[in-house]
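**Q** Once you've had a glance at the structure underneath, I'll fire off some questions.
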Amino acid sequence: MNIFAKTQAQGIKKEFLDSPDIIIKDINLGEVNLSLIFIDGLCNIEEINRSILFSLSQFSKKDFTLEALQTKVITFCQAEILTKEEAEEKLLRGFAVLFKDGDARGLCFNTVMYSGRGVEEPPTSTVISGPREGFTETLKVNLSLIRKRLPSKKLKVEELVIGRRTKTRVNLVYFNDIVDAQIVDEIKRKLDKYDIDGVLDSYYLTKFLENRPNSIFRQIGNCEKPDIAVAKLLEGRVVVLVDGTPIALTIPYVMFEDFQSSNDYYSDAHRVSILRIIRVLGLFISIFLPGMYIALQLYHYKVLPLKFLVTIVNTTQNLPLNPFLEIFFIIVLFDILFEASVRMPKYLGMAISIVGALILGDTAVKAGLVSPPGVMIVALSAITVYIIPNQSSQIALLRIAFAIIGGTLGFHGIILGLIFLIAYLCNFDSFQTPYLAPYSPYIKKDMKDFILKDSLTTMTSRPKSIPNKNVTRLKRRKEKNGKDSND
């Protein structure tokens with residue numbers, strides 16, 4: 001059966017609904033007809049002209065095969081021979097496909113045009129000292145940033161394609177000699193369990209990977225910097241890169257990761273330990289302070305010092321709202337200001353947030369709607385929500401929940417709620433890793449890099465809370481006489 005190259009190319013264009021960005025270029029080499037097809041905008045036109053069309057223009061042989069074109073003629077461009085169906089998939093990725101009369105296959109050339117945002121410091125992971133490179137929306141660039149830091153043959157990359165329509169490329173990156181194979185198998189099993197139209201961001205995959213997708217608590221880690229991703233890989237985790245997003249997922253995940261900052265590993269350990277204690281204190285302030293303030297005013301005002309009690313009474317005695325409604329009114333007011341500042345144009349957002357907070361807060365106090373202590377309590381709670389930015393959504397919800405508990409049950413309800421919360425989190429599990437590790441269960445060796453941070457020289461083993469095949473991370477070299485080199 002004689003197969004015409006032009007017919008094949010035209011057939012593919014019809015399958016793509018005659019889209020105008022599907023370009024077909026007919027080429028005549030003596031008695032042989034060729035058809036080159038590509039998608040304008042996805043392909044590098046200069047690469048096509050330089051590597052493909054120029055090479056073909058210098059070729060004069062009358063009888064040749066696709067294999068001859070691949071190995072002897074067009075050698076400056078990565079190419080492979082595929083079936084028509086496989087060639088169509090490559091076409092959508094930015095490849096150019098060359099068809100030849102008499103051959104049902106297509107010769108696919110890698111002419112992908114990689115365009116997008118340059119490598120720059122991400123806004124959520126700024127550091128005072130240390131690497132400032134961040135991931136971009138291009139999968140190839142993100143993988144290269146990791147490869148640059150890890151020139152190792154043991155680094156394994158597996159590619160998956162998820163989404164019937166988007167056909168999003170997803171890379172699983174891990175150390176083959178460190179990570180537990182069961183974790184990798186479980187990740188692939190969970191991703192293969194769902195059939196979705198499209199994946200536009202790595203967040204889509206988190207709900208597929210979580211054991212409890214309806215819980216408010218994060219069960220999958222994420223990062224925007226390659227140095228953080230590399231650190232997670234060296235601990236025995238799997239990094240999931242998704243094409244089209246700068247957010248990489250890290251698996252397994254423990255809650256206390258969010259108390260750590262990338263700047264912690266480029267600073268003095270003693271200073272870092274103090275900062276982490278402040279972050280824990282900020283967490284408790286953001287969650288419990290509004291509820292405790294309400295409980296103190298409604299049920300436990302006798303425990304307050306007399307002068308402080310008099311101050312509160314003087315500032316709240318003529319308010320139309322009770323303490324419970326007052327705090328909720330201020331919380332809603334702050335949330336409205338936050339949403340407005342986020343969604344307004346950048347040059348207006350900061351002005352609205354500052355002016356709105358100052359003017360509305362001051363006006364509300366002078367009008368007698370709210371009290372100065374109430375504004376201060378909610379403002380302090382709102383600020384400390386973002387001391388751990390990755391947990392801000394969960395903290396905001398818990399703040400409202402404990403404010404309701406404090407307003408209805410007082411301190412006793414807050415204590416019972418805290419006990420229930422800890423018991424609930426202790427029952428969490430993220431890919432064979434306890435959610436509250438290394439505190440529940442208690443793992444002594446893993447305590448060196450959690451709330452308190454030890455020196456790097458003492459961290460000789462990988463976290464035991466994370467399953468891995470190679471525990472040793474650091475060991476001392478020995479001199480030829482067998483003595484320790486540091487002696």
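Residues in the structure tokens are named by chain (A, B, ... in the order shown) and by number from 1 within that chain; ligands are numbered from 1 in the order shown.
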Would you pick out the contacts of Ile27 (chain A) at 9 Å or less, using only C-alpha atoms, so that residues sharing its chain but fewer than 6 positions from it are not included, and give the list as a PDB file with N, CA and C atoms, in the first residue's frame?
**A**
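Once everything was written out, this is part_5.pdb:
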ATOM      1  N   ASN A  33       8.738  12.670  -1.813  1.00  0.00           N
ATOM      2  CA  ASN A  33       8.001  13.772  -1.179  1.00  0.00           C
ATOM      3  C   ASN A  33       8.018  13.596   0.339  1.00  0.00           C
ATOM      4  N   LEU A  34       8.267  14.695   1.038  1.00  0.00           N
ATOM      5  CA  LEU A  34       8.246  14.715   2.498  1.00  0.00           C
ATOM      6  C   LEU A  34       7.269  15.784   2.957  1.00  0.00           C
ATOM      7  N   SER A  35       6.716  15.573   4.149  1.00  0.00           N
ATOM      8  CA  SER A  35       5.841  16.584   4.762  1.00  0.00           C
ATOM      9  C   SER A  35       6.267  16.779   6.202  1.00  0.00           C
ATOM     10  N   LEU A  36       6.570  18.028   6.539  1.00  0.00           N
ATOM     11  CA  LEU A  36       6.953  18.379   7.905  1.00  0.00           C
ATOM     12  C   LEU A  36       5.771  19.084   8.559  1.00  0.00           C
ATOM     13  N   LEU A  53      15.422  21.823   7.963  1.00  0.00           N
ATOM     14  CA  LEU A  53      15.257  22.260   6.572  1.00  0.00           C
ATOM     15  C   LEU A  53      16.599  22.482   5.874  1.00  0.00           C
ATOM     16  N   LEU A  56      18.135  19.075   5.034  1.00  0.00           N
ATOM     17  CA  LEU A  56      17.440  18.434   3.921  1.00  0.00           C
ATOM     18  C   LEU A  56      17.785  19.110   2.592  1.00  0.00           C
TER      19      LEU A  56
END
**Q** Do a neighbour search on Asp264 (chain A) at 12 Å with only C-alpha atoms, toss out local chain neighbours closer than 2 positions, and write the hits as a PyMOL selection string.
**A** chain A and resi 125-130+228+257-262+266-276+449-456
**Q** Using only C-alpha atoms, what does the table of region 208-286 of chain A residues within 12 Å of region 175-191 of chain A look like, with each row giving the shortest atom pair and its distance in Å to one decimal, sorted by chain and ascending number, as CSV?
**A**
residue,atom,partner,partner_atom,distance
A:Phe208,CA,A:Leu191,CA,6.2
A:Leu209,CA,A:Lys190,CA,5.9
A:Glu210,CA,A:Lys190,CA,8.9
A:Asn211,CA,A:Lys190,CA,9.7
A:Ile220,CA,A:Ile187,CA,11.3
A:Val230,CA,A:Phe175,CA,10.3
A:Ala231,CA,A:Phe175,CA,11.7
A:Lys232,CA,A:Phe175,CA,10.5
A:Leu233,CA,A:Phe175,CA,6.7
A:Leu234,CA,A:Phe175,CA,7.6
A:Glu235,CA,A:Ile178,CA,8.1
A:Gly236,CA,A:Val179,CA,4.7
A:Arg237,CA,A:Val179,CA,6.2
A:Val238,CA,A:Val179,CA,7.4
A:Val239,CA,A:Phe175,CA,9.9
A:Val240,CA,A:Ile187,CA,9.6
A:Leu249,CA,A:Ile187,CA,11.5
A:Thr250,CA,A:Ile187,CA,11.1
A:Ile251,CA,A:Ile183,CA,8.3
A:Pro252,CA,A:Ile183,CA,8.1
A:Tyr253,CA,A:Ile183,CA,11.9
**Q** Mind pulling up the distance from CA of Leu172 (chain A) to CA of Lys153 (chain A)?
**A**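 Value for the CA of Lys153 (chain A)-CA of Leu172 (chain A) distance: 15.4 Å.
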**Q** To test your reading of the structure, identify every residue in region 209-351 of chain A that backbone DSSP assigns to alpha helix (DSSP H), and report it as number ranges by chain.
**A** A: 209, 226-234, 269-298, 306-316, 323-343, 346-351
**Q** Which residues are close to region 92-95 of chain A, i.e. within 9 Å by only C-alpha atoms, leaving aside same-chain residues fewer than 4 positions away? Reply as a list in words.
**A** Ile37, Phe38, Ile39, Asp40, Gly41, Leu42, Cys43, Asn44, Ala87, Glu88, Cys108, Phe109, Asn110, Thr111, Val112 and Met113 of chain A
**Q** Report as a compact mmCIF listing (two decimals) with N, CA and C atoms, in the first residue's frame all protein, DNA and RNA residues lying within 8 Å of Val471 (chain A), evaluated on only C-alpha atoms, omitting residues in the same chain fewer than 5 positions from it.
**A**
# COMPACT_ATOMS: atom_id res chain seq x y z
N ILE A 178 18.42 5.11 48.73
CA ILE A 178 18.04 5.65 50.03
C ILE A 178 16.56 5.46 50.32
N SER A 461 22.96 10.72 61.10
CA SER A 461 22.03 9.76 60.50
C SER A 461 20.80 10.47 59.94
N ARG A 462 20.17 9.84 58.97
CA ARG A 462 18.94 10.38 58.40
C ARG A 462 17.79 10.20 59.39
N PRO A 463 16.72 10.98 59.24
CA PRO A 463 15.60 10.86 60.18
C PRO A 463 15.04 9.44 60.23
N LYS A 464 14.97 8.90 61.44
CA LYS A 464 14.45 7.53 61.60
C LYS A 464 12.94 7.47 61.45
**Q** If you count only C-alpha atoms, which residues fall within 9 Å of Val141 (chain A), apart from same-chain ones fewer than 5 positions away, as a ChimeraX atom specification?
**A** /A:114,119,135-136,146
**Q** Take the selection from the previous step and output its residues with C-alpha atoms, as a short mmCIF file (atom, residue, chain, number, x, y, z; two decimals), in the first residue's frame.
**A**
data_model
loop_
_atom_site.label_atom_id
_atom_site.label_comp_id
_atom_site.auth_asym_id
_atom_site.auth_seq_id
_atom_site.Cartn_x
_atom_site.Cartn_y
_atom_site.Cartn_z
CA TYR A 114 11.08 26.39 26.31
CA VAL A 119 14.96 31.41 37.61
CA PHE A 135 11.68 26.65 40.73
CA THR A 136 9.89 27.90 37.62
CA ILE A 146 18.08 19.55 41.09
#
**Q** Do you know which residues are at most 12 Å from Leu145 (chain A) counting only C-alpha atoms, after dropping those on the same chain fewer than 6 positions away, and could you put them as a list in words?
**A**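 In the requested form, the answer reads Val119, Glu120, Pro131, Arg132, Glu133, Gly134, Phe135, Thr136, Thr138, Leu139, Pro151, Glu224, Lys225, Pro226, Asp227, Ile228, Ala229, Val230, Leu241 and Pro246 of chain A.
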**Q** When DSSP is applied to the backbone of this structure, which of region 124-299 of chain A are assigned strand (DSSP E)? Write them out as a list of chain:residue names.
**A**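 The strand (DSSP E) subset of region 124-299 of chain A is A:Leu155, A:Lys156, A:Val157, A:Glu158, A:Glu159, A:Leu160, A:Val161, A:Ile162, A:Thr168, A:Arg169, A:Val170, A:Asn171, A:Leu172, A:Val173, A:Tyr174, A:Phe175, A:Gly221, A:Asn222, A:Cys223, A:Val238, A:Val239, A:Val240, A:Leu241, A:Val242, A:Ala248, A:Leu249, A:Thr250, A:Ile251.
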**Q** Can you write just those residues out, N, CA, C and O atoms, as a CSV table (one decimal), in the first residue's frame?
**A**
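See again-v4.csv below for the written result:
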chain,number,residue,atom,x,y,z
A,155,LEU,N,20.5,9.1,41.5
A,155,LEU,CA,19.3,9.9,41.5
A,155,LEU,C,18.4,9.4,40.4
A,155,LEU,O,18.8,9.4,39.2
A,156,LYS,N,17.2,8.9,40.7
A,156,LYS,CA,16.3,8.3,39.8
A,156,LYS,C,15.2,9.2,39.5
A,156,LYS,O,14.6,9.8,40.4
A,157,VAL,N,14.8,9.3,38.2
A,157,VAL,CA,13.7,10.1,37.8
A,157,VAL,C,12.7,9.3,37.0
A,157,VAL,O,13.1,8.6,36.0
A,158,GLU,N,11.5,9.2,37.4
A,158,GLU,CA,10.4,8.5,36.7
A,158,GLU,C,9.4,9.5,36.2
A,158,GLU,O,9.0,10.4,37.0
A,159,GLU,N,9.0,9.3,35.0
A,159,GLU,CA,8.0,10.3,34.4
A,159,GLU,C,6.7,9.6,34.2
A,159,GLU,O,6.6,8.5,33.7
A,160,LEU,N,5.6,10.3,34.7
A,160,LEU,CA,4.3,9.9,34.5
A,160,LEU,C,3.5,11.0,33.7
A,160,LEU,O,3.9,12.1,33.7
A,161,VAL,N,2.5,10.6,33.1
A,161,VAL,CA,1.6,11.5,32.3
A,161,VAL,C,0.2,11.4,32.9
A,161,VAL,O,-0.4,10.3,32.9
A,162,ILE,N,-0.3,12.5,33.5
A,162,ILE,CA,-1.6,12.5,34.2
A,162,ILE,C,-2.5,13.6,33.6
A,162,ILE,O,-2.1,14.7,33.3
A,168,THR,N,-0.4,16.2,31.5
A,168,THR,CA,0.6,16.8,32.3
A,168,THR,C,1.7,15.9,32.7
A,168,THR,O,1.4,14.8,33.2
A,169,ARG,N,2.9,16.3,32.4
A,169,ARG,CA,4.1,15.4,32.8
A,169,ARG,C,4.4,15.6,34.3
A,169,ARG,O,4.5,16.8,34.8
A,170,VAL,N,4.6,14.5,34.9
A,170,VAL,CA,4.9,14.5,36.4
A,170,VAL,C,6.1,13.7,36.6
A,170,VAL,O,6.2,12.5,36.1
A,171,ASN,N,7.1,14.2,37.3
A,171,ASN,CA,8.4,13.5,37.5
A,171,ASN,C,8.5,13.1,39.0
A,171,ASN,O,8.3,14.0,39.9
A,172,LEU,N,8.7,11.8,39.3
A,172,LEU,CA,9.0,11.4,40.6
A,172,LEU,C,10.6,11.3,40.7
A,172,LEU,O,11.2,10.6,40.0
A,173,VAL,N,11.1,12.1,41.6
A,173,VAL,CA,12.6,12.1,41.8
A,173,VAL,C,13.0,11.6,43.2
A,173,VAL,O,12.4,12.0,44.2
A,174,TYR,N,13.9,10.7,43.2
A,174,TYR,CA,14.3,10.1,44.5
A,174,TYR,C,15.7,9.4,44.3
A,174,TYR,O,16.1,9.1,43.2
A,175,PHE,N,16.3,9.1,45.5
A,175,PHE,CA,17.6,8.4,45.5
A,175,PHE,C,17.2,6.9,45.6
A,175,PHE,O,16.6,6.4,46.6
A,221,GLY,N,4.0,17.6,51.9
A,221,GLY,CA,4.9,18.8,52.0
A,221,GLY,C,5.1,19.5,50.6
A,221,GLY,O,4.8,18.9,49.6
A,222,ASN,N,5.5,20.7,50.6
A,222,ASN,CA,5.8,21.4,49.3
A,222,ASN,C,7.0,22.3,49.5
A,222,ASN,O,7.3,22.7,50.6
A,223,CYS,N,7.6,22.7,48.4
A,223,CYS,CA,8.7,23.7,48.5
A,223,CYS,C,8.8,24.4,47.1
A,223,CYS,O,8.3,23.9,46.1
A,238,VAL,N,10.7,11.5,48.6
A,238,VAL,CA,10.4,11.6,47.2
A,238,VAL,C,10.0,13.0,46.8
A,238,VAL,O,9.1,13.6,47.5
A,239,VAL,N,10.5,13.6,45.8
A,239,VAL,CA,10.1,14.9,45.3
A,239,VAL,C,9.3,14.7,44.0
A,239,VAL,O,9.7,14.1,43.1
A,240,VAL,N,8.1,15.4,44.0
A,240,VAL,CA,7.2,15.3,42.9
A,240,VAL,C,7.2,16.6,42.1
A,240,VAL,O,6.8,17.6,42.7
A,241,LEU,N,7.7,16.6,40.9
A,241,LEU,CA,7.7,17.8,40.1
A,241,LEU,C,6.6,17.7,39.1
A,241,LEU,O,6.4,16.7,38.4
A,242,VAL,N,5.8,18.8,38.9
A,242,VAL,CA,4.7,18.9,38.0
A,242,VAL,C,5.0,20.0,37.0
A,242,VAL,O,5.3,21.1,37.3
A,248,ALA,N,6.9,22.2,44.1
A,248,ALA,CA,7.3,20.8,44.2
A,248,ALA,C,6.7,20.1,45.4
A,248,ALA,O,6.7,20.8,46.5
A,249,LEU,N,6.2,18.9,45.3
A,249,LEU,CA,5.7,18.2,46.5
A,249,LEU,C,6.8,17.3,47.1
A,249,LEU,O,7.6,16.8,46.3
A,250,THR,N,6.8,17.2,48.4
A,250,THR,CA,7.8,16.3,49.1
A,250,THR,C,7.0,15.3,49.9
A,250,THR,O,6.1,15.7,50.7
A,251,ILE,N,7.4,14.1,49.8
A,251,ILE,CA,6.7,12.9,50.5
A,251,ILE,C,7.8,12.0,51.0
A,251,ILE,O,8.8,11.7,50.3
**Q** Find the spatial neighbours of Gly198 (chain A), counting only C-alpha atoms, within a cut-off of 6 Å - ignore same-chain residues fewer than 2 positions away - and output them as a list of chain:residue names.
**A**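 My reading of the contact set: A:Gly163, A:Arg165, A:Thr166, A:Ile196.
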**Q** Report, in Å with one decimal, the straight-line distance from CA of Phe16 (chain A) to CA of Lys90 (chain A).
**A**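 According to the coordinates, CA of Phe16 (chain A) and CA of Lys90 (chain A) are separated by 13.6 Å.
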**Q** Given the choices A:Ser19, A:Gln394, A:Asn263, A:Asn470, which gets closest to Gln219 (chain A) if the distance is worked out from only C-alpha atoms?
**A**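 Among A:Ser19, A:Gln394, A:Asn263, A:Asn470, it is A:Gln394 that comes nearest to Gln219 (chain A).
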**Q** When distances are computed from only C-alpha atoms, which of A:Arg399, A:Arg212, A:Arg105, A:Lys207 shows the smallest separation from Phe284 (chain A)?
**A**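 Of A:Arg399, A:Arg212, A:Arg105, A:Lys207, the one nearest Phe284 (chain A), counting only C-alpha atoms, is A:Arg399.
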